[in-house]
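Engineer: My structure is in query.txt, and what it holds is compact mmCIF, C-alpha atoms:
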# COMPACT_ATOMS: atom_id res chain seq x y z
CA MET A 1 8.42 -3.48 -12.80
CA LEU A 2 10.03 -3.05 -16.23
CA ARG A 3 11.28 -6.62 -16.03
CA ALA A 4 7.90 -7.82 -14.74
CA SER A 5 6.10 -6.18 -17.65
CA SER A 6 8.56 -7.63 -20.15
CA LEU A 7 7.99 -11.12 -18.75
CA THR A 8 4.21 -10.69 -18.89
CA THR A 9 4.28 -9.48 -22.47
CA ASN A 10 7.07 -11.86 -23.50
CA THR A 11 9.14 -8.92 -24.75
CA ASP A 12 12.92 -8.90 -24.87
CA ILE A 13 14.23 -5.76 -23.22
CA ASP A 14 17.61 -4.48 -22.07
CA ILE A 15 17.29 -3.22 -18.52
CA ARG A 16 20.42 -1.06 -18.83
CA GLY A 17 18.19 1.64 -20.30
CA ILE A 18 17.37 2.49 -16.70
CA ASN A 19 21.00 3.46 -16.17
CA GLY A 20 20.99 5.71 -19.23
CA ASP A 21 22.18 3.41 -22.00
CA GLU A 22 20.34 4.87 -24.98
CA SER A 23 20.66 1.89 -27.29
CA ALA A 24 19.45 -0.41 -24.51
CA ALA A 25 16.41 1.80 -23.83
CA GLY A 26 15.10 1.16 -27.34
CA VAL A 27 15.23 -2.63 -27.08
CA GLY A 28 11.64 -3.84 -26.89
CA VAL A 29 10.29 -0.46 -25.77
CA THR A 30 8.65 1.67 -28.46
CA PHE A 31 10.16 5.18 -28.45
CA GLY A 32 12.39 3.91 -25.63
CA ALA A 33 15.33 6.19 -26.38
CA GLU A 34 13.13 9.29 -26.63
CA LEU A 35 11.24 8.42 -23.45
CA MET A 36 14.49 7.78 -21.59
CA ARG A 37 15.93 11.14 -22.63
CA PHE A 38 12.70 12.90 -21.64
CA ALA A 39 12.78 11.28 -18.19
CA GLU A 40 16.42 12.28 -17.84
CA GLY A 41 15.73 15.85 -18.88
CA LEU A 42 13.16 16.23 -16.11
CA ALA A 43 14.98 14.35 -13.35
CA THR A 44 18.38 15.99 -13.90
CA GLY A 45 16.85 19.45 -14.04
CA VAL A 46 18.96 20.47 -17.04
CA GLU A 47 16.50 22.73 -18.81
CA ALA A 48 18.11 22.66 -22.26
CA ASP A 49 18.11 18.85 -22.24
CA LEU A 50 14.46 18.76 -21.20
CA VAL A 51 13.43 21.17 -23.97
CA ALA A 52 15.32 19.14 -26.57
CA ALA A 53 13.96 15.83 -25.28
CA ARG A 54 10.39 17.14 -25.26
CA LYS A 55 10.72 18.24 -28.88
CA GLN A 56 12.19 14.89 -29.94
CA LEU A 57 9.48 12.96 -28.14
CA ILE A 58 6.68 14.97 -29.75
CA GLU A 59 8.22 14.50 -33.19
CA ALA A 60 8.64 10.76 -32.68
CA ALA A 61 5.51 9.83 -30.75
CA GLY A 62 3.06 12.74 -30.58
CA THR A 63 1.57 14.86 -27.86
CA ALA A 64 -0.59 12.20 -26.18
CA VAL A 65 2.53 10.17 -25.45
CA LEU A 66 4.29 13.31 -24.21
CA VAL A 67 1.51 14.10 -21.72
CA ASP A 68 1.30 10.57 -20.35
CA ALA A 69 5.10 10.37 -20.12
CA ALA A 70 5.12 13.68 -18.23
CA GLY A 71 2.61 12.27 -15.77
CA VAL A 72 4.66 9.16 -15.06
CA ALA A 73 7.94 11.07 -14.78
CA ALA A 74 6.37 13.64 -12.44
CA ASN A 75 4.84 10.88 -10.36
CA PHE A 76 8.19 9.20 -9.84
CA GLN A 77 9.86 12.49 -8.99
CA ARG A 78 7.49 12.24 -6.04
CA MET A 79 7.81 8.53 -5.31
CA VAL A 80 11.56 8.62 -4.81
CA ARG A 81 11.16 11.44 -2.31
CA ILE A 82 8.45 9.58 -0.42
CA ALA A 83 10.58 6.43 -0.18
CA ASP A 84 13.70 8.24 0.99
CA SER A 85 12.06 10.74 3.34
CA MET A 86 10.27 7.89 5.12
CA GLY A 87 13.32 5.60 5.01
CA ILE A 88 11.39 2.57 3.83
CA PRO A 89 13.35 -0.59 3.08
CA VAL A 90 12.84 -2.76 0.00
CA ASP A 91 10.00 -5.17 0.71
CA ASP A 92 11.75 -8.38 -0.24
CA MET A 93 15.52 -8.00 -0.07
CA GLY A 94 15.99 -11.77 -0.12
CA GLY A 95 14.10 -12.45 -3.35
CA GLU A 96 16.18 -13.69 -6.28
CA PHE A 97 14.30 -11.60 -8.87
CA GLY A 98 15.00 -8.29 -7.13
CA LYS A 99 18.53 -9.31 -6.20
CA GLN A 100 19.40 -10.00 -9.83
CA ILE A 101 18.08 -6.61 -10.96
CA ARG A 102 19.91 -4.76 -8.16
CA GLU A 103 23.12 -6.46 -9.23
CA GLU A 104 22.59 -5.79 -12.92
CA LEU A 105 21.99 -2.10 -12.29
CA ASP A 106 24.52 -1.82 -9.43
CA LEU A 107 21.91 -0.14 -7.23
CA GLU A 108 23.81 -0.66 -3.98
CA ARG A 109 25.97 2.32 -4.96
CA PHE A 110 23.11 4.60 -3.89
CA THR A 111 23.23 6.20 -0.43
CA SER A 112 19.62 5.25 0.26
CA ALA A 113 20.52 1.55 -0.05
CA GLN A 114 21.42 1.75 3.65
CA ASN A 115 17.69 1.88 4.48
CA SER A 116 17.38 -1.66 3.16
CA ILE A 117 20.79 -3.20 3.79
CA ASN A 118 21.54 -2.16 7.40
CA MET B 1 -11.17 30.61 -9.17
CA GLU B 2 -10.86 27.48 -11.25
CA TYR B 3 -7.42 25.92 -11.13
CA PHE B 4 -5.71 23.68 -13.67
CA THR B 5 -7.78 24.65 -16.69
CA TYR B 6 -4.70 24.11 -18.90
CA THR B 7 -6.12 26.62 -21.38
CA ASP B 8 -2.57 27.83 -22.13
CA CYS B 9 -1.32 24.30 -22.77
CA PRO B 10 -0.56 23.40 -26.38
CA TYR B 11 -1.18 19.72 -25.64
CA PRO B 12 -4.50 18.12 -24.70
CA ILE B 13 -4.45 17.11 -21.02
CA ARG B 14 -6.50 14.10 -19.93
CA GLU B 15 -9.58 15.02 -17.92
CA ASP B 16 -8.65 12.73 -15.01
CA ILE B 17 -5.33 14.56 -14.61
CA LYS B 18 -7.09 17.94 -14.50
CA ARG B 19 -9.61 16.58 -11.99
CA GLU B 20 -7.02 15.10 -9.62
CA HIS B 21 -4.87 18.21 -9.71
CA ARG B 22 -7.89 20.37 -8.89
CA GLN B 23 -9.00 18.07 -6.10
CA PHE B 24 -5.57 18.03 -4.54
CA TRP B 25 -5.44 21.83 -4.64
CA HIS B 26 -8.78 21.90 -2.83
CA ARG B 27 -7.47 19.54 -0.13
CA LEU B 28 -4.21 21.49 0.08
CA ALA B 29 -6.07 24.67 1.02
CA ASN B 30 -8.05 23.00 3.80
CA PRO B 31 -6.88 21.95 7.26
CA GLY B 32 -5.27 18.52 7.30
CA SER B 33 -4.63 16.13 10.15
CA TRP B 34 -1.70 18.04 11.69
CA TRP B 35 -1.46 21.37 9.84
CA THR B 36 -3.87 24.23 9.16
CA GLY B 37 -4.73 25.21 5.60
CA ALA B 38 -2.44 28.23 5.86
CA GLU B 39 0.43 26.05 7.03
CA ARG B 40 -0.14 23.53 4.24
CA VAL B 41 -0.09 26.25 1.61
CA ALA B 42 3.05 27.70 3.24
CA ILE B 43 4.67 24.25 2.95
CA ALA B 44 3.70 24.26 -0.74
CA GLN B 45 5.38 27.63 -1.17
CA GLU B 46 8.54 26.25 0.43
CA VAL B 47 8.60 23.48 -2.19
CA ARG B 48 8.92 26.19 -4.82
CA ASN B 49 11.50 28.10 -2.79
CA ALA B 50 13.55 24.91 -2.39
CA THR B 51 13.96 24.50 -6.13
CA ARG B 52 15.59 27.94 -6.28
CA CYS B 53 17.48 27.77 -2.97
CA ASN B 54 21.23 28.43 -3.31
CA TYR B 55 21.95 26.97 0.11
CA CYS B 56 20.24 23.70 -0.90
CA ALA B 57 22.26 23.59 -4.13
CA GLU B 58 25.55 24.12 -2.27
CA ARG B 59 24.66 21.72 0.55
CA LYS B 60 23.84 18.97 -1.91
CA THR B 61 27.49 18.98 -3.00
CA ALA B 62 28.83 18.92 0.57
CA LEU B 63 30.24 15.67 1.93
CA SER B 64 27.86 15.83 4.88
CA PRO B 65 24.55 17.71 4.73
CA PHE B 66 24.48 17.95 8.52
CA THR B 67 27.59 20.07 9.06
CA PHE B 68 27.12 22.59 6.25
CA GLU B 69 25.95 25.92 7.68
CA GLY B 70 23.79 28.39 5.76
CA GLN B 71 20.41 29.99 5.26
CA HIS B 72 17.59 28.66 3.11
CA ARG B 73 15.69 30.86 0.69
CA HIS B 74 12.30 30.93 2.43
CA ALA B 75 9.07 32.89 2.78
CA GLY B 76 9.43 33.45 6.54
CA GLU B 77 6.11 31.88 7.47
CA LEU B 78 7.41 28.60 8.89
CA SER B 79 10.04 27.71 11.49
CA ASP B 80 13.61 26.88 10.46
CA VAL B 81 13.06 23.19 11.29
CA ILE B 82 10.02 22.98 9.05
CA VAL B 83 11.63 24.92 6.20
CA ASP B 84 14.68 22.66 6.35
CA ALA B 85 12.53 19.52 6.28
CA VAL B 86 10.66 20.66 3.17
CA HIS B 87 13.82 21.76 1.38
CA ARG B 88 15.66 18.57 2.27
CA ILE B 89 12.84 16.33 1.01
CA ILE B 90 12.80 18.19 -2.30
CA THR B 91 16.53 18.70 -2.90
CA ASP B 92 18.55 16.13 -0.90
CA GLN B 93 16.21 13.32 0.05
CA THR B 94 18.68 10.46 -0.25
CA ARG B 95 20.63 11.72 2.78
CA ILE B 96 17.70 11.96 5.18
CA THR B 97 18.39 9.71 8.17
CA GLN B 98 16.61 8.28 11.18
CA SER B 99 18.58 10.60 13.46
CA TYR B 100 17.52 13.65 11.41
CA VAL B 101 13.85 12.67 11.74
CA ASN B 102 14.31 11.99 15.49
CA LYS B 103 16.03 15.33 16.01
CA ASN B 104 13.21 17.12 14.20
CA ALA B 105 10.73 15.44 16.55
CA GLU B 106 12.74 16.69 19.55
CA ASN B 107 12.55 20.18 18.02
CA GLY B 108 8.78 20.17 17.61
CA LEU B 109 8.24 18.53 14.22
CA SER B 110 6.42 15.39 15.34
CA ASN B 111 6.44 12.19 13.29
CA GLU B 112 2.81 12.77 12.38
CA ALA B 113 3.41 16.37 11.25
CA TYR B 114 6.51 15.25 9.33
CA VAL B 115 4.50 12.66 7.38
CA GLU B 116 1.82 15.18 6.44
CA LEU B 117 4.49 17.73 5.53
CA ALA B 118 6.16 15.16 3.26
CA GLY B 119 2.80 14.29 1.72
CA VAL B 120 2.02 17.90 0.89
CA ALA B 121 5.55 18.67 -0.29
CA THR B 122 5.88 15.67 -2.59
CA ALA B 123 2.41 16.09 -4.08
CA VAL B 124 2.96 19.77 -4.86
CA PHE B 125 6.41 19.00 -6.24
CA SER B 126 4.96 16.28 -8.47
CA ILE B 127 2.24 18.52 -9.87
CA ASP B 128 4.80 21.28 -10.46
CA GLU B 129 7.08 18.77 -12.17
CA PHE B 130 4.24 17.72 -14.48
CA HIS B 131 3.99 21.36 -15.55
CA HIS B 132 7.77 21.63 -15.81
CA ALA B 133 7.92 18.54 -18.01
CA LEU B 134 5.43 20.11 -20.41
CA GLY B 135 7.03 23.56 -20.35
CA LEU B 136 4.09 25.14 -18.51
CA GLU B 137 4.03 27.71 -15.72
CA VAL B 138 3.19 26.30 -12.29
CA GLU B 139 -0.35 26.82 -10.98
CA ILE B 140 -1.09 29.64 -8.52
CA LEU B 141 -1.29 28.30 -4.97
CA PRO B 142 -4.80 28.21 -3.48
CA GLU B 143 -6.13 30.57 -0.84
CA PRO B 144 -6.02 28.78 2.54
CA LYS B 145 -9.31 27.93 4.23
CA LEU B 146 -9.95 28.47 7.92
CA GLY B 147 -10.18 25.64 10.41
CA GLN B 148 -8.15 23.44 12.69
CA PRO B 149 -6.38 20.14 11.97
CA SER B 150 -8.10 16.99 13.21
CA HIS B 151 -5.04 15.50 15.01
CA TYR B 152 -6.22 12.07 13.93
CA ARG B 153 -3.68 9.29 14.47
CA PRO B 154 -4.57 5.67 13.72
CA SER B 155 -4.12 3.65 16.91
CA GLN B 156 -2.74 0.60 15.11
CA ALA B 157 0.44 2.39 13.85
CA VAL B 158 3.67 0.72 14.96
CA SER B 159 7.39 1.46 14.69
CA GLY B 160 9.90 -0.85 13.06
CA THR B 161 9.76 -0.09 9.34
CA GLY B 162 11.48 3.06 8.10
CA PHE B 163 11.97 6.27 10.06
CA ILE B 164 8.43 6.73 11.36
CA PRO B 165 5.59 4.52 12.64
CA MET B 166 3.34 2.98 10.00
CA LEU B 167 0.33 0.74 9.90
CA PRO B 168 1.34 -2.93 9.96
CA ARG B 169 0.65 -4.94 6.82
CA ASP B 170 -2.58 -6.24 8.34
CA GLY B 171 -3.42 -2.83 9.81
CA ALA B 172 -5.70 -1.46 7.10
CA THR B 173 -8.75 -1.98 9.28
CA ARG B 174 -11.58 0.08 10.79
CA LEU B 175 -11.35 3.69 9.50
CA GLU B 176 -8.31 2.70 7.43
CA SER B 177 -9.92 -0.25 5.67
CA ASP B 178 -9.90 1.66 2.37
CA LEU B 179 -6.11 2.11 2.33
CA TRP B 180 -5.20 -1.29 0.93
CA GLN B 181 -6.51 -4.82 0.67
CA SER B 182 -5.12 -6.87 3.51
CA ASP B 183 -3.15 -9.18 1.25
CA ARG B 184 -1.83 -6.52 -1.13
CA THR B 185 0.49 -3.88 0.24
CA ALA B 186 4.07 -2.72 0.02
CA ASN B 187 6.25 -0.49 2.15
CA VAL B 188 5.83 2.40 -0.29
CA LEU B 189 2.09 2.20 0.30
CA ARG B 190 2.55 1.95 4.07
CA ALA B 191 5.00 4.88 4.12
CA PHE B 192 2.43 7.64 4.77
CA SER B 193 -0.08 5.49 6.66
CA LEU B 194 0.55 7.26 9.98
CA VAL B 195 -1.50 10.05 8.37
CA PRO B 196 -4.13 8.15 6.38
CA ASP B 197 -5.30 11.20 4.44
CA ALA B 198 -1.74 11.72 3.15
CA LEU B 199 -1.83 8.20 1.76
CA ARG B 200 -5.27 8.83 0.25
CA ASP B 201 -3.85 11.92 -1.50
CA TRP B 202 -0.93 9.78 -2.72
CA LYS B 203 -3.26 7.22 -4.23
CA GLN B 204 -5.56 9.76 -5.86
CA LEU B 205 -2.78 11.68 -7.57
CA SER B 206 -0.99 8.51 -8.66
CA SER B 207 -4.17 7.14 -10.20
CA ALA B 208 -4.11 9.96 -12.77
CA GLN B 209 -0.41 10.65 -13.24
CA TYR B 210 0.60 6.97 -13.22
CA LEU B 211 -1.87 4.18 -12.41
CA SER B 212 -4.49 3.34 -9.83
CA MET B 213 -3.87 0.46 -7.41
CA GLU B 214 -6.04 -1.73 -9.62
CA GLY B 215 -4.32 -0.42 -12.75
CA MET B 216 -0.92 -1.41 -11.38
CA THR B 217 -1.87 -5.06 -11.70
CA ASN B 218 -2.14 -4.61 -15.48
CA MET B 219 1.38 -5.23 -16.80
CA VAL B 220 0.43 -4.70 -20.44
CA LYS B 221 -1.43 -1.44 -21.15
CA GLN B 222 -4.31 0.49 -19.64
CA GLU B 223 -6.84 1.39 -22.32
CA ASP B 224 -7.04 5.10 -21.60
CA ARG B 225 -3.26 5.61 -21.67
CA ALA B 226 -1.13 6.53 -24.69
CA ILE B 227 1.87 4.58 -23.37
CA ASN B 228 2.09 0.94 -22.38
CA ARG B 229 3.46 -0.48 -19.14
CA LEU B 230 6.94 -1.12 -20.56
CA GLN B 231 7.18 2.53 -21.57
CA MET B 232 5.87 3.68 -18.18
CA GLU B 233 8.35 1.54 -16.26
CA LEU B 234 11.30 2.66 -18.37
CA ILE B 235 10.43 6.27 -17.48
CA ALA B 236 9.86 5.37 -13.82
CA GLY B 237 13.12 3.45 -13.61
CA ARG B 238 15.20 6.17 -15.25
CA VAL B 239 13.76 8.89 -13.00
CA SER B 240 14.39 6.72 -9.94
CA ALA B 241 17.95 5.91 -11.00
CA ILE B 242 18.85 9.57 -11.54
CA ASN B 243 17.42 10.32 -8.11
CA GLU B 244 19.55 7.46 -6.72
CA CYS B 245 16.51 5.78 -5.21
CA PHE B 246 17.37 2.26 -4.03
CA TYR B 247 13.77 1.41 -3.25
What's the structure tokens form of this structure?
Structural biologist:
Amino acid sequence: MLRASSLTTNTDIDIRGINGDESAAGVGVTFGAELMRFAEGLATGVEADLVAARKQLIEAAGTAVLVDAAGVAANFQRMVRIADSMGIPVDDMGGEFGKQIREELDLERFTSAQNSIN
Amino acid sequence: MEYFTYTDCPYPIREDIKREHRQFWHRLANPGSWWTGAERVAIAQEVRNATRCNYCAERKTALSPFTFEGQHRHAGELSDVIVDAVHRIITDQTRITQSYVNKNAENGLSNEAYVELAGVATAVFSIDEFHHALGLEVEILPEPKLGQPSHYRPSQAVSGTGFIPMLPRDGATRLESDLWQSDRTANVLRAFSLVPDALRDWKQLSSAQYLSMEGMTNMVKQEDRAINRLQMELIAGRVSAINECFY
């Protein structure tokens, strides 16, 4: 969806931000590095990192951005658990668009890839 | 008692987020399709126990989660099978398998009950994580309401996608016609459709914390949000990658 949004808005992005590349996260995404660190802080569960990332995000972008970012991050903490607990496969494994992104991000290294590949 | 007032929160919380959190708490306390209100609230408590469960933490590092013996930290109100299902969904979801879900069904946790359990567990976890992200205490769990579950199962559910039966892509009909438009669905939307109210909860909560189904078609920026779609999807992608979610 990041790639889809970038195509719609004609914005150059670097998708490697999804894999934690901080300089890539800032390409085309306002406050990208701060948002990426905030998402990481929540998803990894490392409290000190979350506290630091929250502070940096507020300083850079303000509290309204923080609250909306918290909502999205919390929502996807749920979505990944729904997908894996129900074992759903990717909808269109054969599509070139998705295939390219999976290759770029090396997503087949994840255990849950077996729900789509097997 | 009024929940989710956010009076102790140093940041202004959008009204739609407060509303959806309150409405989910109301539904959580009431009987669902396969669990009583007391059981649903007990499942919610197990979500919180799972995040502090030493056995879960140790099992997550084991080569196989199915051969590692131990005892969960739990409240004692639910069976071992149910406790394990909640804890596994919260702490080790990538290693859930078809055979695990089948074995649970043989041990009394039916597919239908498993879907509702997952719906309750993931929604509570998500709301708790919203608080965690903002450095807030989690909300007190609601008092359960009396009553019996409806045992409603949509007749058009079929097996063949994922671990449990789901409505087919053209199956949002009759009482389920509100779940999705016939030409616009995805497996993640179908995932909970064996228990339609679990999917309705999913959509309601997502509409505030992320985007509504209609809002998801807007790839630029929703007016009432402080972040645009690129920013949202960077967050979503990073959270998903850390959780090793292939989907």
Engineer: If you measure from atom CA of Glu129 of chain B to atom CA of Ala75 of chain B, what distance in Å do you get, rounded to one decimal?
Structural biologist: 20.7 Å
Engineer: (20.7, 4.2, -7.8) in this file's frame - what residues fall within 12 Å of it? Use only C-alpha atoms and give the answer as a PyMOL selection string.
Structural biologist: (chain A and resi 18-20+80+84+101-114) or (chain B and resi 94+237-247)
Engineer: Which residue, B:Ala123, B:Ala157, B:Leu28, B:Cys53, has the smallest gap to chain A when you use only C-alpha atoms?
Structural biologist: B:Ala123
Engineer: Residues within 8 Å of Met86 of chain A, please, as JSON, numbers by chain. Count only C-alpha atoms; anything in the same chain fewer than 2 positions from it doesn't count.
Structural biologist: {"A": [82, 83, 84, 88], "B": [115, 162, 163, 164, 191, 192]}
Engineer: Name all residues at most 12 Å from Glu176 of chain B (count all atoms listed in the file; drop same-chain ones fewer than 2 positions away) and give them as a list of chain:residue names.
Structural biologist: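 In the requested format, the answer is B:Tyr152, B:Arg153, B:Pro154, B:Ser155, B:Gln156, B:Ala157, B:Met166, B:Leu167, B:Pro168, B:Arg169, B:Asp170, B:Gly171, B:Ala172, B:Thr173, B:Arg174, B:Asp178, B:Leu179, B:Trp180, B:Gln181, B:Ser182, B:Arg190, B:Ser193, B:Leu194, B:Val195, B:Pro196, B:Asp197, B:Ala198, B:Leu199, B:Arg200.
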Engineer: Around the point (13.1, -9.2, -25.3) (coordinates from the file), which residues reach within 12 Å if we count all atoms listed in the file? Answer as a VMD selection string.
Structural biologist: (chain A and resid 2 to 15 24 to 29) or (chain B and resid 230)
Engineer: For a quick check of understanding, using only C-alpha atoms, which of B:Ile96, B:Leu146, B:Cys56, B:Leu175 has the smallest distance to chain A?
Structural biologist: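 Of B:Ile96, B:Leu146, B:Cys56, B:Leu175, the one nearest chain A, counting only C-alpha atoms, is B:Ile96.
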